[in-house]
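Heads up, final27.txt below (compact mmCIF, C-alpha atoms and all ligand atoms):
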```txt
# COMPACT_ATOMS: atom_id res chain seq x y z
CA MET R 933 31.98 19.39 44.46
CA LEU R 934 30.10 20.36 41.33
CA ASN R 935 27.40 17.86 40.37
CA LEU R 936 25.37 18.80 37.34
CA VAL R 937 22.38 17.17 35.69
CA LEU R 938 22.48 18.24 32.05
CA PHE R 939 18.92 17.88 30.84
CA GLY R 940 17.11 18.07 27.53
CA PRO R 941 15.63 16.02 24.71
CA PRO R 942 17.65 13.79 22.38
CA GLY R 943 19.66 15.99 20.04
CA ALA R 944 19.64 19.02 22.34
CA GLY R 945 23.45 19.10 22.45
CA LYS R 946 24.10 17.54 25.84
CA GLY R 947 27.05 15.50 24.60
CA THR R 948 28.76 18.48 22.95
CA GLN R 949 28.29 20.76 25.93
CA SER R 950 29.40 17.99 28.33
CA GLN R 951 32.75 17.85 26.55
CA PHE R 952 33.26 21.60 27.01
CA ILE R 953 32.28 21.33 30.68
CA VAL R 954 34.67 18.41 31.28
CA GLU R 955 37.52 20.44 29.80
CA LYS R 956 36.85 23.60 31.79
CA TYR R 957 35.75 22.22 35.17
CA GLY R 958 37.59 18.89 35.28
CA ILE R 959 34.57 16.89 36.36
CA LEU R 960 33.57 13.47 35.04
CA GLN R 961 30.86 12.98 32.44
CA ILE R 962 28.51 10.08 32.99
CA SER R 963 26.57 9.56 29.75
CA THR R 964 24.16 6.69 30.18
CA GLY R 965 23.68 6.52 26.39
CA ASP R 966 27.44 6.00 25.92
CA LEU R 967 27.61 3.48 28.79
CA LEU R 968 24.75 1.49 27.27
CA ARG R 969 26.26 1.58 23.79
CA ALA R 970 29.53 0.25 25.21
CA GLU R 971 27.63 -2.63 26.86
CA VAL R 972 25.87 -3.37 23.58
CA ALA R 973 29.16 -3.32 21.65
CA GLN R 974 30.73 -5.75 24.13
CA GLN R 975 27.63 -7.93 23.96
CA THR R 976 27.37 -8.18 27.72
CA LYS R 977 24.22 -9.58 29.33
CA LEU R 978 23.17 -6.04 30.22
CA GLY R 979 23.92 -4.87 26.67
CA LEU R 980 21.86 -7.62 25.08
CA GLU R 981 18.93 -6.74 27.33
CA ALA R 982 19.22 -2.99 26.76
CA LYS R 983 19.56 -3.28 22.98
CA VAL R 984 15.96 -4.42 22.52
CA PHE R 985 14.65 -1.25 24.17
CA MET R 986 17.14 1.08 22.49
CA ASN R 987 16.38 -0.28 19.02
CA ALA R 988 12.70 0.40 19.56
CA GLY R 989 13.32 3.99 20.67
CA ASN R 990 12.17 3.16 24.19
CA LEU R 991 13.76 3.79 27.56
CA VAL R 992 15.77 0.97 29.12
CA PRO R 993 14.31 -0.22 32.48
CA ASP R 994 15.14 1.94 35.49
CA GLU R 995 16.86 -0.83 37.54
CA VAL R 996 19.42 -1.35 34.77
CA LEU R 997 20.29 2.34 34.65
CA ILE R 998 20.37 2.87 38.39
CA GLY R 999 22.82 0.00 38.93
CA MET R 1000 25.01 1.16 36.09
CA VAL R 1001 25.25 4.73 37.38
CA ALA R 1002 25.94 3.64 40.97
CA ASN R 1003 28.84 1.49 39.74
CA LYS R 1004 30.26 4.37 37.76
CA ILE R 1005 30.09 6.78 40.71
CA ASP R 1006 31.78 4.25 43.00
CA ALA R 1007 34.51 3.66 40.46
CA HIS R 1008 35.34 7.39 40.52
CA LYS R 1009 35.03 8.28 44.19
CA ASP R 1010 37.79 10.88 44.03
CA SER R 1011 36.27 12.84 41.13
CA LYS R 1012 35.81 16.62 41.59
CA GLY R 1013 32.22 16.18 40.49
CA PHE R 1014 29.94 14.63 37.89
CA ILE R 1015 27.93 15.67 34.85
CA PHE R 1016 24.93 13.43 34.36
CA ASP R 1017 24.13 13.37 30.66
CA GLY R 1018 20.99 11.43 29.72
CA PHE R 1019 20.23 10.54 33.35
CA PRO R 1020 17.89 10.74 35.22
CA ARG R 1021 15.32 10.20 32.47
CA THR R 1022 12.39 9.19 34.70
CA GLU R 1023 11.17 10.29 38.11
CA VAL R 1024 12.11 6.89 39.53
CA GLN R 1025 15.68 7.46 38.34
CA ALA R 1026 15.72 10.98 39.82
CA LYS R 1027 14.66 9.65 43.22
CA ALA R 1028 17.19 6.83 43.01
CA LEU R 1029 19.95 9.31 42.21
CA ASP R 1030 19.02 11.39 45.26
CA GLU R 1031 19.13 8.24 47.42
CA MET R 1032 22.45 7.16 45.97
CA PHE R 1033 23.89 10.61 46.61
CA LYS R 1034 22.51 10.82 50.15
CA GLU R 1035 24.13 7.49 51.02
CA ARG R 1036 27.45 8.85 49.78
CA ASN R 1037 27.10 12.33 51.34
CA LEU R 1038 26.88 14.00 47.95
CA GLN R 1039 24.46 16.56 46.52
CA ILE R 1040 23.20 17.55 43.09
CA SER R 1041 24.18 21.20 42.61
CA VAL R 1042 21.90 22.10 39.73
CA MET R 1043 19.99 20.85 36.70
CA ILE R 1044 20.52 22.80 33.48
CA ALA R 1045 17.96 22.15 30.74
CA LEU R 1046 18.78 22.83 27.09
CA GLU R 1047 15.63 23.94 25.28
CA VAL R 1048 15.26 22.98 21.60
CA ASP R 1049 12.01 22.59 19.67
CA ASN R 1050 10.95 19.20 18.29
CA GLU R 1051 11.33 19.99 14.59
CA GLU R 1052 14.91 21.20 15.09
CA LEU R 1053 15.68 18.09 17.17
CA THR R 1054 14.51 15.68 14.51
CA LYS R 1055 16.54 17.54 11.90
CA ARG R 1056 19.69 17.51 14.04
CA ILE R 1057 19.46 13.82 14.94
CA LEU R 1058 18.94 12.72 11.34
CA GLU R 1059 21.97 14.85 10.36
CA ARG R 1060 24.00 13.26 13.18
CA GLY R 1061 22.88 9.82 11.97
CA LYS R 1062 24.64 10.37 8.66
CA VAL R 1063 28.02 10.50 10.43
CA SER R 1064 27.54 8.82 13.83
CA GLY R 1065 26.60 5.43 12.47
CA ARG R 1066 24.04 5.15 15.27
CA ALA R 1067 21.13 3.13 13.89
CA ASP R 1068 18.69 4.92 16.22
CA ASP R 1069 19.70 8.24 14.63
CA GLN R 1070 18.95 7.16 11.07
CA ASN R 1071 15.29 6.26 11.11
CA GLU R 1072 12.81 9.11 11.33
CA ASP R 1073 10.08 7.04 13.01
CA LEU R 1074 12.53 5.93 15.67
CA VAL R 1075 13.73 9.49 16.24
CA ARG R 1076 10.12 10.65 16.68
CA GLN R 1077 9.49 7.77 19.08
CA ARG R 1078 12.49 8.86 21.20
CA VAL R 1079 11.25 12.45 21.28
CA GLN R 1080 7.81 11.13 22.25
CA GLU R 1081 9.34 9.01 25.02
CA TYR R 1082 11.09 12.17 26.23
CA GLU R 1083 7.84 14.15 26.26
CA THR R 1084 5.90 11.60 28.29
CA LYS R 1085 8.48 10.12 30.67
CA THR R 1086 11.44 12.48 30.85
CA ARG R 1087 10.14 16.05 30.65
CA PRO R 1088 8.37 15.68 34.06
CA VAL R 1089 11.77 15.11 35.70
CA ALA R 1090 12.32 18.89 35.35
CA ASN R 1091 9.51 19.46 37.87
CA TYR R 1092 11.29 17.22 40.36
CA TYR R 1093 14.33 19.53 40.32
CA GLN R 1094 12.19 22.66 40.15
CA ALA R 1095 10.57 21.58 43.42
CA GLN R 1096 14.07 21.49 44.96
CA ASN R 1097 14.92 24.93 43.50
CA LYS R 1098 17.63 23.36 41.39
CA PHE R 1099 16.19 23.93 37.92
CA GLN R 1100 17.74 26.29 35.36
CA SER R 1101 16.93 26.45 31.70
CA ILE R 1102 18.69 27.98 28.69
CA SER R 1103 18.21 27.99 24.93
CA GLY R 1104 19.99 25.16 23.12
CA ILE R 1105 19.75 26.96 19.78
CA GLY R 1106 22.56 29.20 18.52
CA GLU R 1107 26.36 29.07 18.50
CA MET R 1108 27.82 26.23 20.59
CA GLN R 1109 30.24 28.65 22.31
CA GLU R 1110 27.44 31.04 23.17
CA ILE R 1111 25.41 28.22 24.72
CA PHE R 1112 28.49 27.11 26.65
CA ALA R 1113 29.03 30.64 27.96
CA ASN R 1114 25.46 30.62 29.28
CA ILE R 1115 26.09 27.27 30.98
CA CYS R 1116 29.30 28.61 32.56
CA SER R 1117 27.56 31.64 33.98
CA ILE R 1118 25.26 29.27 35.86
CA LEU R 1119 27.97 26.78 36.89
CA ASP R 1120 30.33 29.46 38.17
CA LYS R 1121 27.86 30.16 40.98
CA TYR R 1122 28.31 26.61 42.26
CA ILE R 1123 32.09 26.33 42.40
P1 LIG G 1 19.83 10.59 22.86
O1 LIG G 1 20.87 11.02 21.89
O2 LIG G 1 18.57 10.12 22.22
O3 LIG G 1 19.61 11.55 23.99
P2 LIG G 1 21.35 8.70 24.42
O4 LIG G 1 22.59 8.53 23.65
O5 LIG G 1 21.40 9.47 25.69
O6 LIG G 1 20.23 9.25 23.46
O7 LIG G 1 20.69 7.27 24.74
C1 LIG G 1 20.37 6.36 23.70
C2 LIG G 1 19.33 5.36 24.18
O8 LIG G 1 19.78 4.71 25.38
C3 LIG G 1 17.97 5.96 24.56
O9 LIG G 1 17.12 6.11 23.44
C4 LIG G 1 17.46 4.93 25.57
O10 LIG G 1 16.94 3.79 24.92
C5 LIG G 1 18.71 4.49 26.30
N1 LIG G 1 18.96 5.30 27.53
C6 LIG G 1 19.98 6.17 27.75
N2 LIG G 1 19.90 6.71 28.97
C7 LIG G 1 18.79 6.18 29.55
C8 LIG G 1 18.15 6.34 30.81
N3 LIG G 1 18.63 7.17 31.73
N4 LIG G 1 17.02 5.62 31.06
C9 LIG G 1 16.54 4.78 30.16
N5 LIG G 1 17.07 4.58 28.95
C10 LIG G 1 18.19 5.26 28.64
```

If you took the structure in this file and wrote it as structure tokens, what would it be?
Amino acid sequence: MLNLVLFGPPGAGKGTQSQFIVEKYGILQISTGDLLRAEVAQQTKLGLEAKVFMNAGNLVPDEVLIGMVANKIDAHKDSKGFIFDGFPRTEVQAKALDEMFKERNLQISVMIALEVDNEELTKRILERGKVSGRADDQNEDLVRQRVQEYETKTRPVANYYQAQNKFQSISGIGEMQEIFANICSILDKYI
């Protein structure tokens, strides 16, 4: 099984690269951002709770995310593997994912981090906001708050995987196909 944590700040290109990976390797993408937005759109209890945090550019509480991801994994037990996109975003989530996987006899193969500098990120997200309709992509203060949240709470998650010798990092700037080729050269070692 190929289980990948695709890591990087908002706007790094995780969603785009996930689509390429899904097509080539036939594994399932679990995007916690997409899952949360679906809950918000359906106005579920979880969605209503999450919305307050998302609209402020803050992370949604760990328990909410951990439960959501566990459900998704269990709903796709026969998958050839998973790409985690936007998860884990805190050390608590990273530990919970390890626990969840251990209980199910699974293992994270590797974390791949996409490196993009903060100025480029802000530019990309505001551009995306013009077409995505995502309110959190259209307000510069909110975008900066999300990048800040990444710096303080999420970036340290890389160390967690580094300590397990599972951390790989590549540049997220350049042609999408070139970035994908670099991802493939890492992933091919794990299949
Ligand atoms: P981005 O494009 O900023 O990377 P996502 O689409 O992954 O954002 O997520 C949008 C929002 O959903 C985040 O700003 C955050 O509020 C919430 N969110 C998504 N994943 C997580 C997570 N793993 N932990 C906490 N909050 C999350």

Record the distance separating CA of Ala1113 in chain R and atom O4 of ligand LIG 1 (chain G), expressed in Å with one decimal.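 Rounded to one decimal, the two atoms are 23.4 Å apart.
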
Exercise: Leu934 in chain R partners within 12 Å, only C-alpha atoms, chain neighbours under 3 positions left out, as a list in words: Val937, Ile953, Val954, Tyr957, Gly958, Ile959, Leu960, Gln961, Ser1011, Lys1012, Gly1013, Phe1014, Ile1015, Phe1016, Leu1038, Gln1039, Ile1040, Ser1041, Val1042, Met1043, Ile1118, Leu1119, Asp1120, Lys1121, Tyr1122 and Ile1123 of chain R

Write a file of the just-selected residues containing C-alpha atoms, as a PDB file, keeping the file's coordinate frame.
```pdb
ATOM      1  CA  VAL R 937      22.380  17.170  35.690  1.00  0.00           C
ATOM      2  CA  ILE R 953      32.280  21.330  30.680  1.00  0.00           C
ATOM      3  CA  VAL R 954      34.670  18.410  31.280  1.00  0.00           C
ATOM      4  CA  TYR R 957      35.750  22.220  35.170  1.00  0.00           C
ATOM      5  CA  GLY R 958      37.590  18.890  35.280  1.00  0.00           C
ATOM      6  CA  ILE R 959      34.570  16.890  36.360  1.00  0.00           C
ATOM      7  CA  LEU R 960      33.570  13.470  35.040  1.00  0.00           C
ATOM      8  CA  GLN R 961      30.860  12.980  32.440  1.00  0.00           C
ATOM      9  CA  SER R1011      36.270  12.840  41.130  1.00  0.00           C
ATOM     10  CA  LYS R1012      35.810  16.620  41.590  1.00  0.00           C
ATOM     11  CA  GLY R1013      32.220  16.180  40.490  1.00  0.00           C
ATOM     12  CA  PHE R1014      29.940  14.630  37.890  1.00  0.00           C
ATOM     13  CA  ILE R1015      27.930  15.670  34.850  1.00  0.00           C
ATOM     14  CA  PHE R1016      24.930  13.430  34.360  1.00  0.00           C
ATOM     15  CA  LEU R1038      26.880  14.000  47.950  1.00  0.00           C
ATOM     16  CA  GLN R1039      24.460  16.560  46.520  1.00  0.00           C
ATOM     17  CA  ILE R1040      23.200  17.550  43.090  1.00  0.00           C
ATOM     18  CA  SER R1041      24.180  21.200  42.610  1.00  0.00           C
ATOM     19  CA  VAL R1042      21.900  22.100  39.730  1.00  0.00           C
ATOM     20  CA  MET R1043      19.990  20.850  36.700  1.00  0.00           C
ATOM     21  CA  ILE R1118      25.260  29.270  35.860  1.00  0.00           C
ATOM     22  CA  LEU R1119      27.970  26.780  36.890  1.00  0.00           C
ATOM     23  CA  ASP R1120      30.330  29.460  38.170  1.00  0.00           C
ATOM     24  CA  LYS R1121      27.860  30.160  40.980  1.00  0.00           C
ATOM     25  CA  TYR R1122      28.310  26.610  42.260  1.00  0.00           C
ATOM     26  CA  ILE R1123      32.090  26.330  42.400  1.00  0.00           C
TER      27      ILE R1123
END
```

Site check for ligand LIG 1 (chain G): residues at most 9 Å away, all atoms listed in the file, as JSON, numbers by chain: {"R": [940, 941, 942, 943, 944, 945, 946, 947, 963, 964, 965, 966, 967, 968, 969, 982, 983, 984, 985, 986, 987, 988, 989, 990, 991, 992, 993, 994, 996, 997, 998, 1017, 1018, 1019, 1020, 1021, 1022, 1025, 1057, 1068, 1069, 1075, 1077, 1078, 1079, 1081, 1082, 1086]}

Choose the residue, out of R:Phe1099, R:Glu955, R:Gln975, R:Gln949, that has the smallest atom-to-atom separation from Ile1044 in chain R; count only C-alpha atoms.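 Smallest distance to Ile1044 in chain R is found for R:Phe1099.
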
Which of these, R:Ser1101, R:Gly1106, R:Tyr1093, R:His1008, has the shortest distance to Glu1052 in chain R once you count only C-alpha atoms?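 When distances to Glu1052 in chain R are compared using only C-alpha atoms, the smallest one comes from R:Gly1106.
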
Minimum-distance residue to Ile1105 in chain R, chosen among R:Asn1050, R:Gln951, R:Gln974, R:Thr1084 (using only C-alpha atoms): R:Asn1050

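Across R:Leu980, R:Ile1115, R:Gly1104, R:Glu971, the tightest approach to Leu1046 in chain R is made by R:Gly1104 when counting only C-alpha atoms.
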
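Candidate residues R:Phe1033, R:Arg1060, R:Glu1072, R:Ala1045 were compared for distance to Asn935 in chain R, and the nearest is R:Phe1033, using only C-alpha atoms.
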
Can you take the partial range 1031-1049 of chain R, add N, CA, C and O atoms, and return it as a PDB file, keeping the file's coordinate frame?
```pdb
ATOM      1  N   GLU R1031      18.825   9.252  46.394  1.00  0.00           N
ATOM      2  CA  GLU R1031      19.130   8.240  47.420  1.00  0.00           C
ATOM      3  C   GLU R1031      20.606   7.870  47.407  1.00  0.00           C
ATOM      4  O   GLU R1031      21.284   7.847  48.431  1.00  0.00           O
ATOM      5  N   MET R1032      21.056   7.561  46.184  1.00  0.00           N
ATOM      6  CA  MET R1032      22.450   7.160  45.970  1.00  0.00           C
ATOM      7  C   MET R1032      23.393   8.238  46.501  1.00  0.00           C
ATOM      8  O   MET R1032      24.390   7.960  47.151  1.00  0.00           O
ATOM      9  N   PHE R1033      23.055   9.488  46.203  1.00  0.00           N
ATOM     10  CA  PHE R1033      23.890  10.610  46.610  1.00  0.00           C
ATOM     11  C   PHE R1033      23.847  10.791  48.131  1.00  0.00           C
ATOM     12  O   PHE R1033      24.864  11.047  48.755  1.00  0.00           O
ATOM     13  N   LYS R1034      22.652  10.648  48.698  1.00  0.00           N
ATOM     14  CA  LYS R1034      22.510  10.820  50.150  1.00  0.00           C
ATOM     15  C   LYS R1034      23.388   9.795  50.877  1.00  0.00           C
ATOM     16  O   LYS R1034      24.119  10.139  51.804  1.00  0.00           O
ATOM     17  N   GLU R1035      23.327   8.557  50.400  1.00  0.00           N
ATOM     18  CA  GLU R1035      24.130   7.490  51.020  1.00  0.00           C
ATOM     19  C   GLU R1035      25.619   7.794  50.962  1.00  0.00           C
ATOM     20  O   GLU R1035      26.402   7.291  51.754  1.00  0.00           O
ATOM     21  N   ARG R1036      26.026   8.564  49.965  1.00  0.00           N
ATOM     22  CA  ARG R1036      27.450   8.850  49.780  1.00  0.00           C
ATOM     23  C   ARG R1036      27.809  10.275  50.196  1.00  0.00           C
ATOM     24  O   ARG R1036      28.891  10.770  49.849  1.00  0.00           O
ATOM     25  N   ASN R1037      26.882  10.944  50.892  1.00  0.00           N
ATOM     26  CA  ASN R1037      27.100  12.330  51.340  1.00  0.00           C
ATOM     27  C   ASN R1037      27.392  13.293  50.200  1.00  0.00           C
ATOM     28  O   ASN R1037      28.248  14.179  50.320  1.00  0.00           O
ATOM     29  N   LEU R1038      26.708  13.116  49.104  1.00  0.00           N
ATOM     30  CA  LEU R1038      26.880  14.000  47.950  1.00  0.00           C
ATOM     31  C   LEU R1038      25.574  14.746  47.703  1.00  0.00           C
ATOM     32  O   LEU R1038      24.533  14.375  48.235  1.00  0.00           O
ATOM     33  N   GLN R1039      25.662  15.786  46.852  1.00  0.00           N
ATOM     34  CA  GLN R1039      24.460  16.560  46.520  1.00  0.00           C
ATOM     35  C   GLN R1039      24.475  16.999  45.073  1.00  0.00           C
ATOM     36  O   GLN R1039      25.533  17.372  44.555  1.00  0.00           O
ATOM     37  N   ILE R1040      23.311  16.969  44.427  1.00  0.00           N
ATOM     38  CA  ILE R1040      23.200  17.550  43.090  1.00  0.00           C
ATOM     39  C   ILE R1040      23.227  19.073  43.256  1.00  0.00           C
ATOM     40  O   ILE R1040      22.484  19.616  44.069  1.00  0.00           O
ATOM     41  N   SER R1041      24.101  19.750  42.508  1.00  0.00           N
ATOM     42  CA  SER R1041      24.180  21.200  42.610  1.00  0.00           C
ATOM     43  C   SER R1041      23.036  21.847  41.849  1.00  0.00           C
ATOM     44  O   SER R1041      22.325  22.706  42.367  1.00  0.00           O
ATOM     45  N   VAL R1042      22.879  21.435  40.591  1.00  0.00           N
ATOM     46  CA  VAL R1042      21.900  22.100  39.730  1.00  0.00           C
ATOM     47  C   VAL R1042      21.556  21.235  38.522  1.00  0.00           C
ATOM     48  O   VAL R1042      22.364  20.393  38.106  1.00  0.00           O
ATOM     49  N   MET R1043      20.351  21.425  37.997  1.00  0.00           N
ATOM     50  CA  MET R1043      19.990  20.850  36.700  1.00  0.00           C
ATOM     51  C   MET R1043      19.966  21.994  35.693  1.00  0.00           C
ATOM     52  O   MET R1043      19.354  23.035  35.958  1.00  0.00           O
ATOM     53  N   ILE R1044      20.628  21.810  34.559  1.00  0.00           N
ATOM     54  CA  ILE R1044      20.520  22.800  33.480  1.00  0.00           C
ATOM     55  C   ILE R1044      19.830  22.131  32.300  1.00  0.00           C
ATOM     56  O   ILE R1044      20.297  21.105  31.791  1.00  0.00           O
ATOM     57  N   ALA R1045      18.708  22.701  31.868  1.00  0.00           N
ATOM     58  CA  ALA R1045      17.960  22.150  30.740  1.00  0.00           C
ATOM     59  C   ALA R1045      18.287  22.936  29.474  1.00  0.00           C
ATOM     60  O   ALA R1045      18.289  24.166  29.486  1.00  0.00           O
ATOM     61  N   LEU R1046      18.571  22.204  28.397  1.00  0.00           N
ATOM     62  CA  LEU R1046      18.780  22.830  27.090  1.00  0.00           C
ATOM     63  C   LEU R1046      17.460  22.750  26.322  1.00  0.00           C
ATOM     64  O   LEU R1046      16.947  21.652  26.080  1.00  0.00           O
ATOM     65  N   GLU R1047      16.925  23.900  25.959  1.00  0.00           N
ATOM     66  CA  GLU R1047      15.630  23.940  25.280  1.00  0.00           C
ATOM     67  C   GLU R1047      15.809  24.003  23.766  1.00  0.00           C
ATOM     68  O   GLU R1047      16.452  24.918  23.252  1.00  0.00           O
ATOM     69  N   VAL R1048      15.236  23.011  23.077  1.00  0.00           N
ATOM     70  CA  VAL R1048      15.260  22.980  21.600  1.00  0.00           C
ATOM     71  C   VAL R1048      13.912  22.425  21.128  1.00  0.00           C
ATOM     72  O   VAL R1048      13.429  21.447  21.706  1.00  0.00           O
ATOM     73  N   ASP R1049      13.327  23.065  20.112  1.00  0.00           N
ATOM     74  CA  ASP R1049      12.010  22.590  19.670  1.00  0.00           C
ATOM     75  C   ASP R1049      12.088  21.275  18.888  1.00  0.00           C
ATOM     76  O   ASP R1049      13.138  20.915  18.349  1.00  0.00           O
TER      77      ASP R1049
END
```
